[in-house]
$ cat coords-v4.cif   # mmCIF, C-alpha atoms
data_start
#
loop_
_atom_site.label_atom_id
_atom_site.label_comp_id
_atom_site.auth_asym_id
_atom_site.auth_seq_id
_atom_site.Cartn_x
_atom_site.Cartn_y
_atom_site.Cartn_z
CA MET A 68 130.02 -36.85 -24.52
CA LEU A 69 127.20 -34.79 -23.05
CA ASN A 70 126.82 -37.22 -20.16
CA SER A 71 130.53 -36.81 -19.43
CA ILE A 72 130.27 -33.02 -19.45
CA SER A 73 127.18 -33.00 -17.24
CA GLY A 74 128.72 -35.35 -14.67
CA VAL A 75 126.48 -38.33 -15.36
CA ALA A 76 129.12 -40.55 -16.99
CA THR A 77 132.42 -41.52 -15.37
CA ILE A 78 135.44 -39.93 -17.02
CA THR A 79 138.52 -42.14 -17.37
CA ARG A 80 140.81 -39.67 -19.12
CA GLY A 81 140.87 -36.16 -20.50
CA ARG A 82 139.82 -32.83 -19.00
CA ILE A 83 136.64 -30.76 -19.12
CA SER A 84 136.76 -27.04 -18.44
CA PHE A 85 134.13 -24.33 -18.65
CA ASN A 86 134.80 -20.61 -18.22
CA ASP A 87 138.38 -21.48 -17.21
CA ARG A 88 137.06 -23.73 -14.44
CA ASP A 89 137.98 -27.41 -14.30
CA ILE A 90 134.77 -29.43 -13.97
CA THR A 91 136.27 -32.83 -14.82
CA GLY A 92 134.36 -35.44 -12.82
CA ALA A 93 132.22 -32.84 -11.06
CA ARG A 94 128.84 -33.92 -9.71
CA PRO A 95 125.81 -33.01 -11.86
CA GLU A 96 124.56 -30.38 -9.40
CA THR A 97 127.98 -28.71 -9.44
CA VAL A 98 127.97 -28.66 -13.24
CA VAL A 99 124.50 -27.05 -13.29
CA ARG A 100 125.56 -24.41 -10.78
CA ALA A 101 128.58 -23.69 -12.99
CA GLY A 102 126.16 -22.65 -15.75
CA LEU A 103 125.65 -25.79 -17.87
CA THR A 104 122.35 -27.61 -18.26
CA HIS A 105 121.71 -30.85 -20.11
CA CYS A 106 118.44 -31.63 -21.88
CA PRO A 107 118.92 -35.39 -22.35
CA GLU A 108 117.91 -37.72 -25.13
CA GLY A 109 114.45 -39.13 -24.51
CA ARG A 110 113.44 -35.99 -22.58
CA GLN A 111 113.46 -37.71 -19.14
CA ILE A 112 110.95 -35.37 -17.57
CA PHE A 113 109.24 -36.29 -14.31
CA GLN A 114 106.24 -38.13 -15.72
CA HIS A 115 104.25 -38.27 -12.47
CA LEU A 116 104.59 -34.56 -11.75
CA THR A 117 102.63 -31.72 -13.27
CA VAL A 118 104.17 -29.35 -15.80
CA GLU A 119 104.61 -26.68 -13.13
CA GLU A 120 106.08 -29.17 -10.66
CA ASN A 121 108.67 -30.15 -13.29
CA LEU A 122 109.66 -26.49 -13.58
CA VAL A 123 109.79 -26.06 -9.81
CA ALA A 124 112.06 -29.10 -9.49
CA ALA A 125 114.53 -27.62 -11.98
CA HIS A 126 114.81 -24.19 -10.39
CA ILE A 127 118.01 -23.82 -8.37
CA GLY A 128 118.26 -20.05 -7.95
CA ARG A 129 121.61 -19.88 -9.72
CA GLY A 130 121.09 -16.47 -11.27
CA PRO A 131 119.34 -13.21 -10.49
CA LYS A 132 115.91 -14.12 -11.88
CA SER A 133 113.10 -15.34 -9.64
CA PHE A 134 111.28 -18.61 -10.23
CA GLU A 135 108.21 -16.66 -11.35
CA ALA A 136 110.20 -14.69 -13.94
CA LEU A 137 111.82 -17.83 -15.34
CA ARG A 138 108.51 -19.66 -15.42
CA GLU A 139 106.92 -16.82 -17.38
CA GLU A 140 109.81 -16.92 -19.85
CA ALA A 141 109.22 -20.65 -20.32
CA PHE A 142 105.49 -20.04 -20.75
CA THR A 143 106.16 -17.31 -23.31
CA LEU A 144 108.51 -19.58 -25.23
CA PHE A 145 106.14 -22.55 -24.99
CA PRO A 146 102.53 -21.37 -24.52
CA ILE A 147 101.31 -24.97 -24.31
CA LEU A 148 103.17 -25.30 -21.00
CA LYS A 149 101.08 -22.52 -19.48
CA GLU A 150 97.92 -24.08 -20.86
CA ARG A 151 98.86 -27.47 -19.39
CA ARG A 152 100.64 -26.21 -16.26
CA ASN A 153 98.47 -28.20 -13.85
CA GLY A 154 98.30 -31.30 -16.03
CA MET A 155 100.40 -34.41 -15.58
CA ALA A 156 103.52 -34.47 -17.75
CA SER A 157 102.79 -38.09 -18.69
CA ARG A 158 99.65 -37.00 -20.52
CA MET A 159 101.47 -34.65 -22.88
CA SER A 160 102.43 -35.53 -26.44
CA GLY A 161 106.05 -36.22 -27.37
CA GLY A 162 106.47 -32.74 -28.80
CA GLN A 163 104.95 -31.12 -25.72
CA GLN A 164 107.21 -33.18 -23.48
CA GLN A 165 110.23 -32.00 -25.48
CA MET A 166 109.12 -28.41 -24.95
CA LEU A 167 108.80 -29.12 -21.23
CA ALA A 168 112.28 -30.67 -21.18
CA ILE A 169 113.79 -27.56 -22.76
CA GLY A 170 111.74 -25.25 -20.54
CA ARG A 171 112.89 -27.19 -17.50
CA ALA A 172 116.54 -26.91 -18.57
CA LEU A 173 116.15 -23.14 -18.90
CA MET A 174 114.96 -22.83 -15.29
CA ALA A 175 118.61 -23.05 -14.15
CA GLU A 176 119.53 -19.93 -16.20
CA PRO A 177 122.27 -21.70 -18.17
CA GLN A 178 125.16 -20.08 -19.97
CA LEU A 179 125.48 -23.28 -22.02
CA LEU A 180 122.46 -25.39 -22.92
CA MET A 181 123.28 -28.93 -24.09
CA LEU A 182 120.55 -30.49 -26.23
CA ASP A 183 120.71 -34.22 -26.98
CA GLU A 184 118.62 -35.30 -29.99
CA PRO A 185 115.75 -32.82 -29.49
CA SER A 186 114.04 -33.97 -32.72
CA LEU A 187 113.98 -37.66 -31.77
CA GLY A 188 110.57 -39.21 -32.33
CA LEU A 189 108.85 -35.97 -33.35
CA ALA A 190 106.67 -35.30 -36.39
CA PRO A 191 108.36 -33.12 -39.07
CA LYS A 192 106.19 -30.09 -38.28
CA LEU A 193 107.19 -30.24 -34.61
CA VAL A 194 110.85 -30.75 -35.50
CA HIS A 195 110.89 -27.46 -37.40
CA GLN A 196 109.09 -25.74 -34.53
CA ILE A 197 111.68 -27.01 -32.02
CA PHE A 198 114.55 -25.89 -34.24
CA ARG A 199 113.01 -22.45 -34.63
CA ILE A 200 112.93 -22.17 -30.83
CA ILE A 201 116.55 -23.32 -30.64
CA LEU A 202 117.49 -20.56 -33.08
CA ASP A 203 115.55 -18.01 -31.02
CA LEU A 204 117.31 -19.16 -27.85
CA SER A 205 120.70 -18.77 -29.51
CA GLN A 206 119.90 -15.08 -30.04
CA THR A 207 119.37 -14.51 -26.30
CA GLY A 208 123.03 -15.02 -25.39
CA ILE A 209 122.74 -18.68 -24.36
CA ALA A 210 125.38 -20.85 -26.01
CA ILE A 211 123.93 -24.10 -27.37
CA LEU A 212 125.70 -27.42 -27.83
CA LEU A 213 123.47 -29.56 -30.02
CA VAL A 214 123.81 -33.29 -30.69
CA GLU A 215 121.39 -34.13 -33.47
CA GLN A 216 120.70 -36.92 -35.95
CA ASN A 217 118.97 -34.56 -38.38
CA VAL A 218 122.24 -33.37 -39.86
CA GLN A 219 120.74 -31.03 -42.44
CA LEU A 220 118.74 -29.02 -39.90
CA ALA A 221 121.59 -29.04 -37.39
CA LEU A 222 124.03 -27.64 -39.96
CA GLU A 223 121.51 -25.05 -41.12
CA CYS A 224 121.06 -23.60 -37.63
CA GLY A 225 124.57 -24.11 -36.26
CA ASP A 226 127.59 -21.82 -36.44
CA TYR A 227 130.30 -24.44 -35.90
CA ALA A 228 130.02 -28.18 -36.33
CA TYR A 229 131.80 -31.37 -35.41
CA LEU A 230 130.99 -34.64 -37.17
CA LEU A 231 131.73 -37.63 -34.97
CA SER A 232 132.01 -41.22 -36.15
CA THR A 233 132.66 -44.16 -33.80
CA GLY A 234 133.90 -41.78 -31.14
CA ARG A 235 136.31 -39.88 -33.37
CA CYS A 236 136.02 -36.37 -34.79
CA LYS A 237 135.99 -36.72 -38.58
CA LEU A 238 135.12 -33.16 -39.57
CA ALA A 239 135.22 -29.84 -37.74
CA GLY A 240 134.65 -26.31 -38.97
CA ASP A 241 132.09 -23.77 -40.11
CA ALA A 242 128.70 -25.50 -40.26
CA ARG A 243 127.93 -24.28 -43.78
CA GLU A 244 131.29 -25.38 -45.09
CA ILE A 245 130.81 -28.83 -43.61
CA ALA A 246 127.29 -29.04 -45.08
CA SER A 247 128.75 -28.65 -48.57
CA HIS A 248 131.85 -30.78 -47.94
CA SER A 249 132.33 -33.56 -50.50
CA ALA A 250 133.12 -36.09 -47.78
CA MET A 251 129.73 -35.79 -46.07
CA SER A 252 127.97 -38.41 -48.18
CA GLU A 253 131.03 -40.65 -48.02
CA LEU A 254 130.97 -40.51 -44.25
CA TYR A 255 127.38 -41.69 -44.23
CA LEU A 256 128.24 -44.49 -46.62
CA GLY A 257 131.30 -45.40 -44.57
CA SER A 258 133.82 -44.86 -47.35
CA ALA A 259 135.48 -41.57 -46.39
CA THR A 260 139.24 -41.54 -46.03
CA GLU A 261 141.42 -39.41 -43.78
CA GLU A 262 142.82 -37.55 -46.80
CA ASN A 263 139.51 -35.96 -47.82
CA LEU A 264 138.23 -35.04 -44.38
CA HIS A 265 140.03 -31.73 -43.80
CA VAL A 266 138.00 -28.51 -43.63
#
$ encode --input "coords-v4.cif" --output "structure tokens"
Amino acid sequence: MLNSISGVATITRGRISFNDRDITGARPETVVRAGLTHCPEGRQIFQHLTVEENLVAAHIGRGPKSFEALREEAFTLFPILKERRNGMASRMSGGQQQMLAIGRALMAEPQLLMLDEPSLGLAPKLVHQIFRIILDLSQTGIAILLVEQNVQLALECGDYAYLLSTGRCKLAGDAREIASHSAMSELYLGSATEENLHV
């Protein structure tokens, strides 16, 4: 879904709009300039560039802030990036690379930040740190679309949730209501029926 929105995957049917603008099938650079950035699963940073070079590569000058201002915001959010700014991205830990991936996505001044499995492969302590940062970002006016396997944490920090199963939306509604919905465990066990999936 996120690949379709960001212009990476080919769309065969349906329509994608953002801010009343049709971006169905738009090229990735057009989507970014429209105000959406995608932080993909597996981080996909430029391994053979330095931390700072990764940030430079992501800056497109879409909004009013200068590169220097955006870089300082990323450094404030993730102090380790400032500490390692001249180091190769490949030599960072998985958690540090995830921070770099989010920092890089923020360099385009997004209105909507799409995060794909940000907790994947991280130690529990780092997972909670990443989710705290996601919560902080949500308070800055950036809308966040989060795809996450850690359902409990995702529902705790989200406002609205969709639960997808084999490409179909099984539940949709207030995140806290879905967290307490009786069908949640049944969905994970594969025994939920259409009758008990309404929120």
$ resolve_selection --input "coords-v4.cif" --expression "the PyMOL selection byres ((chain A and resi 212-222) around 6)" --output "PyMOL selection string"
chain A and resi 181-184+211+223-225+242
$ atom_distance --input "coords-v4.cif" --atom1 "atom CA of A:Ser71" --atom2 "atom CA of A:Phe113"
21.9 Å
$ residues_around --input "coords-v4.cif" --residues "stretch 73-76 of chain A" --least-positions-apart "6" --cutoff "8 Å" --atoms "all atoms listed in the file" --output "compact mmCIF listing (two decimals) with C-alpha atoms, keeping the file's coordinate frame"
# COMPACT_ATOMS: atom_id res chain seq x y z
CA THR A 91 136.27 -32.83 -14.82
CA GLY A 92 134.36 -35.44 -12.82
CA ALA A 93 132.22 -32.84 -11.06
CA ARG A 94 128.84 -33.92 -9.71
CA PRO A 95 125.81 -33.01 -11.86
CA VAL A 98 127.97 -28.66 -13.24
CA VAL A 99 124.50 -27.05 -13.29
CA LEU A 103 125.65 -25.79 -17.87
CA THR A 104 122.35 -27.61 -18.26
CA HIS A 105 121.71 -30.85 -20.11
$ atom_distance --input "coords-v4.cif" --atom1 "atom CA of A:Ala175" --atom2 "atom CA of A:His126"
5.5 Å
$ closest_residue --input "coords-v4.cif" --among "A:Ala246, A:Ile209, A:Met166, A:Met68" --to "A:Val118" --atoms "all atoms listed in the file"
A:Met166
$ resolve_selection --input "coords-v4.cif" --expression "the PyMOL selection byres ((chain A and resi 159) around 12)" --output "PDB file with C-alpha atoms, keeping the file's coordinate frame"
ATOM      1  CA  ILE A 112     110.950 -35.370 -17.570  1.00  0.00           C
ATOM      2  CA  PHE A 113     109.240 -36.290 -14.310  1.00  0.00           C
ATOM      3  CA  GLN A 114     106.240 -38.130 -15.720  1.00  0.00           C
ATOM      4  CA  HIS A 115     104.250 -38.270 -12.470  1.00  0.00           C
ATOM      5  CA  LEU A 116     104.590 -34.560 -11.750  1.00  0.00           C
ATOM      6  CA  THR A 117     102.630 -31.720 -13.270  1.00  0.00           C
ATOM      7  CA  VAL A 118     104.170 -29.350 -15.800  1.00  0.00           C
ATOM      8  CA  ILE A 147     101.310 -24.970 -24.310  1.00  0.00           C
ATOM      9  CA  LEU A 148     103.170 -25.300 -21.000  1.00  0.00           C
ATOM     10  CA  GLU A 150      97.920 -24.080 -20.860  1.00  0.00           C
ATOM     11  CA  ARG A 151      98.860 -27.470 -19.390  1.00  0.00           C
ATOM     12  CA  ARG A 152     100.640 -26.210 -16.260  1.00  0.00           C
ATOM     13  CA  ASN A 153      98.470 -28.200 -13.850  1.00  0.00           C
ATOM     14  CA  GLY A 154      98.300 -31.300 -16.030  1.00  0.00           C
ATOM     15  CA  MET A 155     100.400 -34.410 -15.580  1.00  0.00           C
ATOM     16  CA  ALA A 156     103.520 -34.470 -17.750  1.00  0.00           C
ATOM     17  CA  SER A 157     102.790 -38.090 -18.690  1.00  0.00           C
ATOM     18  CA  ARG A 158      99.650 -37.000 -20.520  1.00  0.00           C
ATOM     19  CA  SER A 160     102.430 -35.530 -26.440  1.00  0.00           C
ATOM     20  CA  GLY A 161     106.050 -36.220 -27.370  1.00  0.00           C
ATOM     21  CA  GLY A 162     106.470 -32.740 -28.800  1.00  0.00           C
ATOM     22  CA  GLN A 163     104.950 -31.120 -25.720  1.00  0.00           C
ATOM     23  CA  GLN A 164     107.210 -33.180 -23.480  1.00  0.00           C
ATOM     24  CA  GLN A 165     110.230 -32.000 -25.480  1.00  0.00           C
ATOM     25  CA  MET A 166     109.120 -28.410 -24.950  1.00  0.00           C
ATOM     26  CA  LEU A 167     108.800 -29.120 -21.230  1.00  0.00           C
ATOM     27  CA  ALA A 168     112.280 -30.670 -21.180  1.00  0.00           C
TER      28      ALA A 168
END
$ atom_distance --input "coords-v4.cif" --atom1 "atom CA of A:Pro177" --atom2 "atom CA of A:Thr79"
26.1 Å
$ closest_atom_pairs --input "coords-v4.cif" --of "stretch 158-264 of chain A" --to "stretch 133-144 of chain A" --cutoff "10 Å" --atoms "only C-alpha atoms" --output "JSON lines"
{"residue": "A:Met166", "atom": "CA", "partner": "A:Leu144", "partner_atom": "CA", "distance": 8.9}
{"residue": "A:Leu167", "atom": "CA", "partner": "A:Ala141", "partner_atom": "CA", "distance": 8.5}
{"residue": "A:Ile169", "atom": "CA", "partner": "A:Ala141", "partner_atom": "CA", "distance": 8.6}
{"residue": "A:Gly170", "atom": "CA", "partner": "A:Ala141", "partner_atom": "CA", "distance": 5.2}
{"residue": "A:Arg171", "atom": "CA", "partner": "A:Ala141", "partner_atom": "CA", "distance": 8.0}
{"residue": "A:Ala172", "atom": "CA", "partner": "A:Ala141", "partner_atom": "CA", "distance": 9.8}
{"residue": "A:Leu173", "atom": "CA", "partner": "A:Ala141", "partner_atom": "CA", "distance": 7.5}
{"residue": "A:Met174", "atom": "CA", "partner": "A:Leu137", "partner_atom": "CA", "distance": 5.9}
{"residue": "A:Ala175", "atom": "CA", "partner": "A:Leu137", "partner_atom": "CA", "distance": 8.6}
{"residue": "A:Glu176", "atom": "CA", "partner": "A:Leu137", "partner_atom": "CA", "distance": 8.0}
{"residue": "A:Ile200", "atom": "CA", "partner": "A:Leu144", "partner_atom": "CA", "distance": 7.6}
{"residue": "A:Asp203", "atom": "CA", "partner": "A:Leu144", "partner_atom": "CA", "distance": 9.2}
{"residue": "A:Leu204", "atom": "CA", "partner": "A:Leu144", "partner_atom": "CA", "distance": 9.2}
$ resolve_selection --input "coords-v4.cif" --expression "the PyMOL selection byres ((chain A and resi 188) around 9)" --output "list in words"
Gly109, Gly161, Gly162, Pro185, Ser186, Leu187, Leu189 and Ala190 of chain A
$ axis_aligned_box --input "coords-v4.cif" --around "stretch 238-250 of chain A" --padding-each-side "5 Å" --output "AutoDock Vina command-line options"
--center_x 131.3 --center_y -29.9 --center_z -44.1 --size_x 17.9 --size_y 22.3 --size_z 22.8
$ build_atoms --input "coords-v4.cif" --residues "stretch 149-168 of chain A" --atoms "N, CA and C atoms" --output "compact mmCIF listing (two decimals), keeping the file's coordinate frame"
# COMPACT_ATOMS: atom_id res chain seq x y z
N LYS A 149 101.97 -23.30 -20.35
CA LYS A 149 101.08 -22.52 -19.48
C LYS A 149 99.67 -23.11 -19.51
N GLU A 150 99.26 -23.50 -20.70
CA GLU A 150 97.92 -24.08 -20.86
C GLU A 150 97.79 -25.39 -20.08
N ARG A 151 98.89 -26.15 -20.04
CA ARG A 151 98.86 -27.47 -19.39
C ARG A 151 99.58 -27.48 -18.03
N ARG A 152 99.78 -26.34 -17.44
CA ARG A 152 100.64 -26.21 -16.26
C ARG A 152 100.22 -27.11 -15.11
N ASN A 153 98.94 -27.36 -14.96
CA ASN A 153 98.47 -28.20 -13.85
C ASN A 153 98.20 -29.64 -14.27
N GLY A 154 98.51 -29.95 -15.53
CA GLY A 154 98.30 -31.30 -16.03
C GLY A 154 99.52 -32.17 -15.81
N MET A 155 99.30 -33.47 -15.77
CA MET A 155 100.40 -34.41 -15.58
C MET A 155 101.28 -34.44 -16.83
N ALA A 156 102.58 -34.44 -16.62
CA ALA A 156 103.52 -34.47 -17.75
C ALA A 156 103.34 -35.72 -18.60
N SER A 157 102.96 -36.82 -17.97
CA SER A 157 102.79 -38.09 -18.69
C SER A 157 101.68 -38.04 -19.72
N ARG A 158 100.78 -37.07 -19.60
CA ARG A 158 99.65 -37.00 -20.52
C ARG A 158 99.90 -36.05 -21.69
N MET A 159 101.11 -35.55 -21.78
CA MET A 159 101.47 -34.65 -22.88
C MET A 159 101.99 -35.46 -24.06
N SER A 160 101.88 -34.89 -25.25
CA SER A 160 102.43 -35.53 -26.44
C SER A 160 103.95 -35.48 -26.41
N GLY A 161 104.59 -36.22 -27.31
CA GLY A 161 106.05 -36.22 -27.37
C GLY A 161 106.62 -34.84 -27.62
N GLY A 162 106.00 -34.09 -28.51
CA GLY A 162 106.47 -32.74 -28.80
C GLY A 162 106.31 -31.81 -27.60
N GLN A 163 105.18 -31.94 -26.91
CA GLN A 163 104.95 -31.12 -25.72
C GLN A 163 105.93 -31.47 -24.60
N GLN A 164 106.24 -32.76 -24.48
CA GLN A 164 107.21 -33.18 -23.48
C GLN A 164 108.60 -32.65 -23.81
N GLN A 165 108.94 -32.57 -25.10
CA GLN A 165 110.23 -32.00 -25.48
C GLN A 165 110.28 -30.52 -25.12
N MET A 166 109.19 -29.82 -25.33
CA MET A 166 109.12 -28.41 -24.95
C MET A 166 109.29 -28.26 -23.44
N LEU A 167 108.66 -29.16 -22.69
CA LEU A 167 108.80 -29.12 -21.23
C LEU A 167 110.25 -29.40 -20.83
N ALA A 168 110.89 -30.34 -21.50
CA ALA A 168 112.28 -30.67 -21.18
C ALA A 168 113.20 -29.47 -21.40
